[in-house]
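File shown: protein_27.cif (mmCIF, C-alpha atoms and all ligand atoms).
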data_model
loop_
_atom_site.label_atom_id
_atom_site.label_comp_id
_atom_site.auth_asym_id
_atom_site.auth_seq_id
_atom_site.Cartn_x
_atom_site.Cartn_y
_atom_site.Cartn_z
CA MET Z 517 52.71 -179.81 -93.42
CA LYS Z 518 52.47 -182.55 -90.79
CA SER Z 519 49.27 -182.81 -88.75
CA LEU Z 520 49.51 -182.51 -84.97
CA SER Z 521 48.48 -186.20 -84.66
CA GLN Z 522 51.42 -187.12 -86.88
CA LYS Z 523 53.84 -184.97 -84.89
CA LEU Z 524 52.62 -186.41 -81.59
CA LYS Z 525 52.78 -189.95 -82.95
CA GLU Z 526 56.44 -189.56 -83.88
CA ARG Z 527 57.14 -188.79 -80.23
CA SER Z 528 60.29 -186.88 -81.11
CA GLY Z 529 61.23 -184.21 -78.58
CA LYS Z 530 59.20 -182.78 -75.74
CA LYS Z 531 56.35 -180.39 -76.37
CA VAL Z 532 54.81 -177.56 -74.38
CA ALA Z 533 51.17 -176.52 -74.70
CA ILE Z 534 49.54 -173.51 -73.07
CA LEU Z 535 45.91 -173.80 -71.99
CA ILE Z 536 44.04 -170.55 -72.50
CA ASP Z 537 40.72 -170.28 -70.71
CA PRO Z 538 39.15 -167.20 -72.37
CA ASP Z 539 37.32 -166.27 -69.15
CA LYS Z 540 40.61 -165.81 -67.36
CA TYR Z 541 42.03 -163.25 -69.79
CA GLU Z 542 40.86 -159.71 -70.43
CA ASP Z 543 41.77 -157.88 -73.64
CA LYS Z 544 44.89 -156.40 -72.07
CA SER Z 545 46.20 -159.59 -70.51
CA LEU Z 546 45.51 -161.54 -73.70
CA ASP Z 547 47.50 -158.95 -75.67
CA GLU Z 548 50.35 -159.36 -73.20
CA LEU Z 549 50.21 -163.14 -73.53
CA ILE Z 550 50.18 -162.92 -77.33
CA LEU Z 551 53.36 -160.83 -77.26
CA LEU Z 552 55.04 -163.47 -75.12
CA ILE Z 553 53.76 -166.33 -77.30
CA ASN Z 554 55.35 -164.66 -80.31
CA LYS Z 555 58.59 -164.19 -78.42
CA TYR Z 556 58.76 -167.68 -76.88
CA PRO Z 557 56.48 -169.81 -79.05
CA PRO Z 558 55.12 -172.97 -77.40
CA ASP Z 559 54.22 -175.97 -79.58
CA LEU Z 560 50.50 -175.62 -79.16
CA LEU Z 561 47.76 -173.36 -77.84
CA LEU Z 562 44.76 -175.06 -76.31
CA VAL Z 563 41.54 -173.12 -75.81
CA GLY Z 564 38.76 -174.28 -73.51
CA GLY Z 565 37.76 -174.89 -69.93
CA SER Z 566 35.42 -176.94 -67.77
CA MET Z 567 32.94 -174.08 -67.95
CA LEU Z 568 33.12 -171.01 -70.19
CA MET Z 569 31.17 -167.78 -69.89
CA SER Z 570 32.69 -166.14 -72.98
CA PRO Z 571 32.46 -167.39 -76.59
CA ILE Z 572 35.31 -169.64 -77.61
CA ASP Z 573 35.25 -168.36 -81.20
CA ILE Z 574 36.57 -164.93 -80.28
CA ALA Z 575 39.58 -166.29 -78.41
CA VAL Z 576 40.36 -168.81 -81.17
CA THR Z 577 40.06 -166.16 -83.90
CA THR Z 578 42.27 -163.70 -82.00
CA LEU Z 579 44.97 -166.30 -81.38
CA LYS Z 580 44.89 -167.43 -85.02
CA LEU Z 581 45.15 -163.86 -86.22
CA TYR Z 582 48.03 -162.72 -84.01
CA THR Z 583 50.15 -165.84 -83.51
CA SER Z 584 51.38 -168.60 -85.78
CA VAL Z 585 51.19 -171.37 -83.17
CA PRO Z 586 48.56 -174.07 -83.90
CA VAL Z 587 45.32 -173.51 -81.97
CA PHE Z 588 43.38 -176.56 -80.81
CA ILE Z 589 40.18 -176.77 -78.81
CA PHE Z 590 40.31 -178.52 -75.47
CA PRO Z 591 36.57 -178.80 -74.93
CA GLY Z 592 34.96 -178.80 -71.52
CA ASN Z 593 31.63 -179.54 -73.18
CA VAL Z 594 29.84 -179.68 -76.50
CA LEU Z 595 29.26 -175.92 -76.63
CA GLN Z 596 32.98 -175.39 -77.05
CA LEU Z 597 33.34 -175.93 -80.78
CA SER Z 598 34.85 -173.59 -83.34
CA ASP Z 599 35.56 -174.17 -87.01
CA ARG Z 600 38.23 -171.47 -86.81
CA ALA Z 601 40.56 -173.68 -84.77
CA ASP Z 602 43.17 -175.90 -86.39
CA GLY Z 603 41.80 -178.89 -84.56
CA ILE Z 604 40.26 -180.37 -81.45
CA PHE Z 605 41.17 -182.95 -78.86
CA LEU Z 606 38.07 -185.12 -78.92
CA LEU Z 607 38.15 -186.18 -75.31
CA SER Z 608 36.62 -189.40 -74.06
CA LEU Z 609 36.75 -189.39 -70.26
CA ILE Z 610 37.85 -193.02 -69.94
CA SER Z 611 38.67 -192.77 -66.23
CA GLY Z 612 34.98 -192.11 -65.55
CA ARG Z 613 31.78 -194.03 -65.96
CA ASN Z 614 29.54 -191.23 -67.18
CA PRO Z 615 28.27 -192.17 -70.67
CA ASP Z 616 27.75 -188.51 -71.61
CA PHE Z 617 31.47 -187.84 -71.32
CA LEU Z 618 32.52 -191.21 -72.73
CA ILE Z 619 30.46 -191.03 -75.95
CA GLY Z 620 27.32 -188.86 -75.58
CA ASN Z 621 28.85 -185.43 -76.18
CA GLN Z 622 31.04 -186.86 -78.94
CA VAL Z 623 27.91 -188.02 -80.81
CA LEU Z 624 26.44 -184.52 -80.54
CA ALA Z 625 29.67 -182.92 -81.75
CA ALA Z 626 30.52 -185.37 -84.56
CA PRO Z 627 28.44 -183.92 -87.44
CA HIS Z 628 29.63 -180.39 -86.61
CA LEU Z 629 33.25 -181.49 -86.55
CA LYS Z 630 32.87 -183.35 -89.83
CA ARG Z 631 31.39 -180.27 -91.47
CA ALA Z 632 34.07 -178.01 -89.98
CA GLY Z 633 36.77 -180.26 -91.42
CA ILE Z 634 39.24 -179.49 -88.63
CA GLU Z 635 41.75 -182.04 -87.35
CA VAL Z 636 40.28 -184.34 -84.73
CA ILE Z 637 42.56 -186.12 -82.24
CA PRO Z 638 40.80 -189.02 -80.48
CA THR Z 639 41.98 -188.68 -76.90
CA GLY Z 640 41.71 -190.96 -73.88
CA TYR Z 641 41.25 -188.42 -71.11
CA MET Z 642 42.06 -189.69 -67.62
CA LEU Z 643 41.32 -187.70 -64.49
CA ILE Z 644 43.75 -188.48 -61.66
CA GLU Z 645 43.11 -187.54 -58.05
CA ASN Z 646 45.29 -184.66 -56.81
CA GLY Z 647 44.07 -183.91 -53.30
CA ARG Z 648 41.63 -181.19 -54.36
CA TYR Z 649 38.06 -181.30 -55.69
CA THR Z 650 38.36 -180.07 -59.29
CA SER Z 651 35.99 -178.47 -61.80
CA VAL Z 652 36.40 -181.47 -64.13
CA GLU Z 653 35.25 -183.79 -61.36
CA TYR Z 654 32.27 -181.60 -60.53
CA MET Z 655 31.22 -180.87 -64.11
CA SER Z 656 31.67 -184.42 -65.40
CA HIS Z 657 30.08 -186.22 -62.44
CA THR Z 658 32.98 -188.65 -62.42
CA ARG Z 659 35.44 -189.69 -59.76
CA PRO Z 660 39.16 -189.42 -60.49
CA ILE Z 661 41.43 -192.46 -60.36
CA PRO Z 662 43.10 -192.45 -56.90
CA ALA Z 663 46.69 -191.19 -57.13
CA GLU Z 664 48.16 -194.38 -55.64
CA LYS Z 665 46.12 -196.77 -57.82
CA THR Z 666 48.72 -197.08 -60.53
CA ASP Z 667 47.35 -200.46 -61.60
CA ILE Z 668 43.95 -198.96 -62.43
CA ALA Z 669 45.59 -196.08 -64.31
CA ILE Z 670 47.79 -198.46 -66.33
CA SER Z 671 44.85 -200.71 -67.22
CA THR Z 672 42.74 -197.70 -68.23
CA ALA Z 673 45.48 -196.35 -70.49
CA ILE Z 674 46.03 -199.79 -72.08
CA ALA Z 675 42.29 -200.09 -72.70
CA GLY Z 676 42.32 -196.65 -74.34
CA GLU Z 677 45.14 -197.75 -76.65
CA MET Z 678 43.39 -201.04 -77.48
CA LEU Z 679 40.20 -199.14 -78.30
CA GLY Z 680 42.11 -197.18 -80.92
CA LEU Z 681 42.44 -193.79 -79.21
CA LYS Z 682 45.46 -191.89 -80.46
CA VAL Z 683 46.65 -190.01 -77.38
CA ILE Z 684 46.42 -190.50 -73.61
CA TYR Z 685 45.95 -187.35 -71.55
CA LEU Z 686 46.61 -187.55 -67.79
CA GLU Z 687 44.75 -184.73 -66.10
CA ALA Z 688 45.15 -183.69 -62.46
CA GLY Z 689 42.65 -180.86 -63.04
CA SER Z 690 43.16 -177.15 -63.51
CA GLY Z 691 44.66 -175.57 -60.41
CA ALA Z 692 45.43 -179.01 -58.97
CA ALA Z 693 47.27 -179.04 -55.64
CA LYS Z 694 49.92 -181.24 -57.25
CA PRO Z 695 50.55 -182.62 -60.72
CA VAL Z 696 50.08 -186.29 -61.64
CA ASN Z 697 52.81 -188.19 -59.81
CA GLU Z 698 55.91 -189.33 -61.67
CA GLU Z 699 55.52 -192.96 -60.66
CA MET Z 700 52.15 -193.16 -62.38
CA ILE Z 701 53.44 -191.38 -65.48
CA ARG Z 702 56.44 -193.71 -65.65
CA ALA Z 703 54.29 -196.82 -65.24
CA ILE Z 704 51.87 -195.76 -67.96
CA ARG Z 705 54.71 -194.80 -70.27
CA LYS Z 706 56.12 -198.33 -69.95
CA ASN Z 707 52.82 -199.95 -70.81
CA ILE Z 708 51.60 -198.03 -73.85
CA SER Z 709 53.20 -196.67 -76.98
CA LEU Z 710 50.76 -193.79 -77.51
CA PRO Z 711 51.86 -190.19 -77.04
CA LEU Z 712 51.34 -189.12 -73.43
CA ILE Z 713 50.11 -185.66 -72.46
CA VAL Z 714 50.16 -184.53 -68.82
CA GLY Z 715 48.41 -181.45 -67.41
CA GLY Z 716 47.06 -179.92 -64.23
CA GLY Z 717 48.94 -178.27 -61.37
CA ILE Z 718 52.28 -177.83 -63.20
CA ARG Z 719 53.69 -174.60 -61.81
CA THR Z 720 57.45 -174.63 -62.26
CA LYS Z 721 60.10 -175.58 -64.76
CA GLU Z 722 61.44 -178.12 -62.24
CA GLU Z 723 58.09 -179.90 -61.98
CA ALA Z 724 57.77 -179.86 -65.75
CA GLY Z 725 61.25 -181.37 -66.09
CA LYS Z 726 60.36 -184.25 -63.74
CA ILE Z 727 57.18 -184.93 -65.70
CA PHE Z 728 59.09 -184.99 -68.99
CA ARG Z 729 61.71 -187.29 -67.51
CA ALA Z 730 58.99 -189.63 -66.26
CA GLY Z 731 57.84 -190.03 -69.87
CA ALA Z 732 55.37 -187.29 -70.81
CA ASP Z 733 55.65 -186.20 -74.45
CA MET Z 734 53.75 -182.97 -73.93
CA ILE Z 735 52.86 -180.91 -70.87
CA VAL Z 736 49.92 -178.52 -70.61
CA VAL Z 737 50.17 -175.44 -68.42
CA GLY Z 738 47.27 -173.07 -67.71
CA THR Z 739 47.05 -171.49 -64.25
CA ALA Z 740 50.80 -170.85 -63.79
CA ILE Z 741 50.94 -168.85 -67.04
CA GLU Z 742 47.73 -166.97 -66.17
CA GLN Z 743 49.32 -165.92 -62.90
CA ASN Z 744 52.75 -165.18 -64.31
CA PRO Z 745 52.88 -165.08 -68.13
CA GLU Z 746 56.67 -164.62 -68.07
CA LEU Z 747 56.97 -168.25 -66.98
CA LEU Z 748 56.28 -169.16 -70.59
CA ARG Z 749 59.96 -168.57 -71.35
CA ASP Z 750 61.02 -171.09 -68.67
CA PHE Z 751 58.69 -173.83 -69.84
CA VAL Z 752 59.56 -173.35 -73.48
CA SER Z 753 63.32 -173.25 -72.83
CA LEU Z 754 63.11 -176.60 -71.04
CA ARG Z 755 62.55 -178.38 -74.37
CA LYS Z 756 66.14 -177.99 -75.49
CA GLU Z 757 67.37 -179.96 -72.46
CA PHE Z 758 65.62 -183.00 -73.92
CA ARG Z 759 66.86 -182.67 -77.48
CA SER Z 760 69.11 -185.52 -78.43
C1 LIG J 801 45.28 -178.87 -68.45
O1 LIG J 801 43.79 -178.59 -66.72
C2 LIG J 801 45.12 -178.44 -67.11
O2 LIG J 801 45.33 -180.25 -68.43
C3 LIG J 801 45.63 -177.08 -66.81
O3 LIG J 801 45.91 -177.11 -65.47
O4 LIG J 801 45.58 -174.75 -64.93
O5 LIG J 801 46.63 -176.32 -63.30
O6 LIG J 801 47.87 -175.61 -65.33
P1 LIG J 801 46.55 -175.87 -64.71
#
In structure tokens, what does this structure look like?
Amino acid sequence: MKSLSQKLKERSGKKVAILIDPDKYEDKSLDELILLINKYPPDLLLVGGSMLMSPIDIAVTTLKLYTSVPVFIFPGNVLQLSDRADGIFLLSLISGRNPDFLIGNQVLAAPHLKRAGIEVIPTGYMLIENGRYTSVEYMSHTRPIPAEKTDIAISTAIAGEMLGLKVIYLEAGSGAAKPVNEEMIRAIRKNISLPLIVGGGIRTKEEAGKIFRAGADMIVVGTAIEQNPELLRDFVSLRKEFRS
């Protein structure tokens, strides 16, 4: 079976990932979400958050047990590791200048990840300003790239590609007032050949469609699904519009 890195690298078709922050779901709402995931399977389940109060292992194990969608960790910090996941996005916050989030946490996590033997996807994680102060900004002590500074965003993404990262992730932040703007996505898409993931503030199928058209290969949706799990069907059905 192909690894997720391989599938992303091929850049064929658009993909939908759901971000599950275990603190936001109680047993009942997680059961409800699992039913919907099995009915309208997305391409990927991400588990994590800027700050977690509940253990990540339980959520990962539950999702692995009751769904057949790959489960990857989207770590907010080094405490969010689980060898039960299929893999992890090893995020380097390349938009910021905080060494802990560029390389420090990765050094702490590396021996554990090697032992766990799960798939590791080296990811250039770029925080883009969205008009609201986000948890990522607060927790990482980094400033986002201003939304209109497309040149800085392009250069950062190119540097990430030149450094050998395998994916670029444009993040507006969970609950962002607005998603990363299409102009920036389009400009980055033109300048790199890496798979492009876009997340933060995506609330509707229409917004998701614009982001795909601008060049995103995968979108990540968290808050909108937490608030209305039925939206999963809309996001997932959008993929067929992009099939050639
Ligand atoms: C993943 O942080 C996002 O990149 C999720 O954002 O919760 O706003 O969908 P939302």
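CA of Lys756 (chain Z) is positioned 23.1 Å from CA of Leu686 (chain Z).
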Quick one: residues within 8 Å of ligand LIG 801 (chain J), with only C-alpha atoms and all ligand atoms, as a tab-separated table (two decimals) with C-alpha atoms, in the coordinates of the input?
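Done, and the output landed in part_0.tsv:
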chain	number	residue	atom	x	y	z
Z	535	LEU	CA	45.91	-173.80	-71.99
Z	565	GLY	CA	37.76	-174.89	-69.93
Z	685	TYR	CA	45.95	-187.35	-71.55
Z	686	LEU	CA	46.61	-187.55	-67.79
Z	687	GLU	CA	44.75	-184.73	-66.10
Z	688	ALA	CA	45.15	-183.69	-62.46
Z	689	GLY	CA	42.65	-180.86	-63.04
Z	690	SER	CA	43.16	-177.15	-63.51
Z	691	GLY	CA	44.66	-175.57	-60.41
Z	692	ALA	CA	45.43	-179.01	-58.97
Z	695	PRO	CA	50.55	-182.62	-60.72
Z	714	VAL	CA	50.16	-184.53	-68.82
Z	715	GLY	CA	48.41	-181.45	-67.41
Z	716	GLY	CA	47.06	-179.92	-64.23
Z	717	GLY	CA	48.94	-178.27	-61.37
Z	718	ILE	CA	52.28	-177.83	-63.20
Z	719	ARG	CA	53.69	-174.60	-61.81
Z	735	ILE	CA	52.86	-180.91	-70.87
Z	736	VAL	CA	49.92	-178.52	-70.61
Z	737	VAL	CA	50.17	-175.44	-68.42
Z	738	GLY	CA	47.27	-173.07	-67.71
Z	739	THR	CA	47.05	-171.49	-64.25
Z	740	ALA	CA	50.80	-170.85	-63.79
Z	741	ILE	CA	50.94	-168.85	-67.04
Would you mind listing what lies within 8 Å of Phe605 (chain Z) as an MDAnalysis selection string, with all atoms listed in the file counted and same-chain residues fewer than 5 positions away left out? chainID Z and resid 588:591 636:639
For the selection just defined, write its residues with C-alpha atoms to a file, as an mmCIF file, in the frame of the given file.
data_model
loop_
_atom_site.group_PDB
_atom_site.id
_atom_site.type_symbol
_atom_site.label_atom_id
_atom_site.label_comp_id
_atom_site.auth_asym_id
_atom_site.auth_seq_id
_atom_site.Cartn_x
_atom_site.Cartn_y
_atom_site.Cartn_z
ATOM 1 C CA PHE Z 588 43.380 -176.560 -80.810
ATOM 2 C CA ILE Z 589 40.180 -176.770 -78.810
ATOM 3 C CA PHE Z 590 40.310 -178.520 -75.470
ATOM 4 C CA PRO Z 591 36.570 -178.800 -74.930
ATOM 5 C CA VAL Z 636 40.280 -184.340 -84.730
ATOM 6 C CA ILE Z 637 42.560 -186.120 -82.240
ATOM 7 C CA PRO Z 638 40.800 -189.020 -80.480
ATOM 8 C CA THR Z 639 41.980 -188.680 -76.900
#
Using all atoms listed in the file, what does the table of region 608-645 of chain Z residues within 10 Å of region 649-659 of chain Z look like, with each row giving the shortest atom pair and its distance in Å to one decimal, sorted by chain and ascending number, as a tab-separated table?
residue	atom	partner	partner_atom	distance
Z:Leu609	CA	Z:Ser656	CA	8.6
Z:Ile610	CA	Z:Thr658	CA	10.0
Z:Ser611	CA	Z:Arg659	CA	7.9
Z:Gly612	CA	Z:Thr658	CA	5.1
Z:Arg613	CA	Z:Thr658	CA	6.6
Z:Asn614	CA	Z:Thr658	CA	6.4
Z:Pro615	CA	Z:Ser656	CA	10.0
Z:Asp616	CA	Z:Ser656	CA	8.4
Z:Phe617	CA	Z:Ser656	CA	6.8
Z:Leu643	CA	Z:Arg659	CA	7.8
Z:Ile644	CA	Z:Arg659	CA	8.6
Z:Glu645	CA	Z:Arg659	CA	8.1
One decimal, in Å: what's the spacing between CA of Ala575 (chain Z) and CA of Leu710 (chain Z)? 29.7 Å
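When CA of Leu681 (chain Z) is paired with CA of Leu568 (chain Z), their separation reads 26.2 Å.
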Among the residues Z:Ala625, Z:Leu562, Z:Ala663, Z:Arg729, the one that comes closest to Arg648 (chain Z) [using only C-alpha atoms]: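 Residue with the minimum atom-to-atom distance to Arg648 (chain Z): Z:Ala663.
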Nearest to Asp543 (chain Z) by atom-to-atom distance, counting all atoms listed in the file, from Z:Ile684, Z:Ile704, Z:Thr578, Z:Pro571: Z:Thr578
Using all atoms listed in the file, find the one residue out of Z:Gly603, Z:Arg749, Z:Thr583, Z:Met700 that sits nearest to Pro662 (chain Z).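 When distances to Pro662 (chain Z) are compared using all atoms listed in the file, the smallest one comes from Z:Met700.
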Out of Z:Lys665, Z:Arg527, Z:Lys518, Z:Arg600, which residue has the shortest atom-to-atom distance to Pro711 (chain Z) when counting all atoms listed in the file?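 Closest to Pro711 (chain Z) of all the choices is Z:Arg527.
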Distance query Leu549 (chain Z) at most 10 Å, all atoms listed in the file, self and fewer than 5 positions along chain excluded, as a list in words: Ile536, Tyr541, Asp543, Lys544, Asn554, Lys555, Leu579, Ile741, Glu742, Asn744, Pro745, Glu746 and Leu748 of chain Z
Based on the selection just made, write C-alpha atoms of those residues as a compact mmCIF listing (two decimals), in the coordinates of the input.
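Saved as part29.txt:
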# COMPACT_ATOMS: atom_id res chain seq x y z
CA ILE Z 536 44.04 -170.55 -72.50
CA TYR Z 541 42.03 -163.25 -69.79
CA ASP Z 543 41.77 -157.88 -73.64
CA LYS Z 544 44.89 -156.40 -72.07
CA ASN Z 554 55.35 -164.66 -80.31
CA LYS Z 555 58.59 -164.19 -78.42
CA LEU Z 579 44.97 -166.30 -81.38
CA ILE Z 741 50.94 -168.85 -67.04
CA GLU Z 742 47.73 -166.97 -66.17
CA ASN Z 744 52.75 -165.18 -64.31
CA PRO Z 745 52.88 -165.08 -68.13
CA GLU Z 746 56.67 -164.62 -68.07
CA LEU Z 748 56.28 -169.16 -70.59
From Z:Pro627, Z:Pro538, Z:Gly633, Z:Gly731, residue lying nearest Ile574 (chain Z) [all atoms listed in the file]: Z:Pro538
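The residue that comes closest to Lys682 (chain Z), out of Z:Thr577, Z:Ser570, Z:Ser584, Z:Ser709 and on the basis of only C-alpha atoms, is Z:Ser709.
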Write out as a ChimeraX atom specification the residues lying within 9 Å of Ala632 (chain Z), counting only C-alpha atoms and excluding same-chain residues fewer than 2 positions away. /Z:598-600,627-630,634
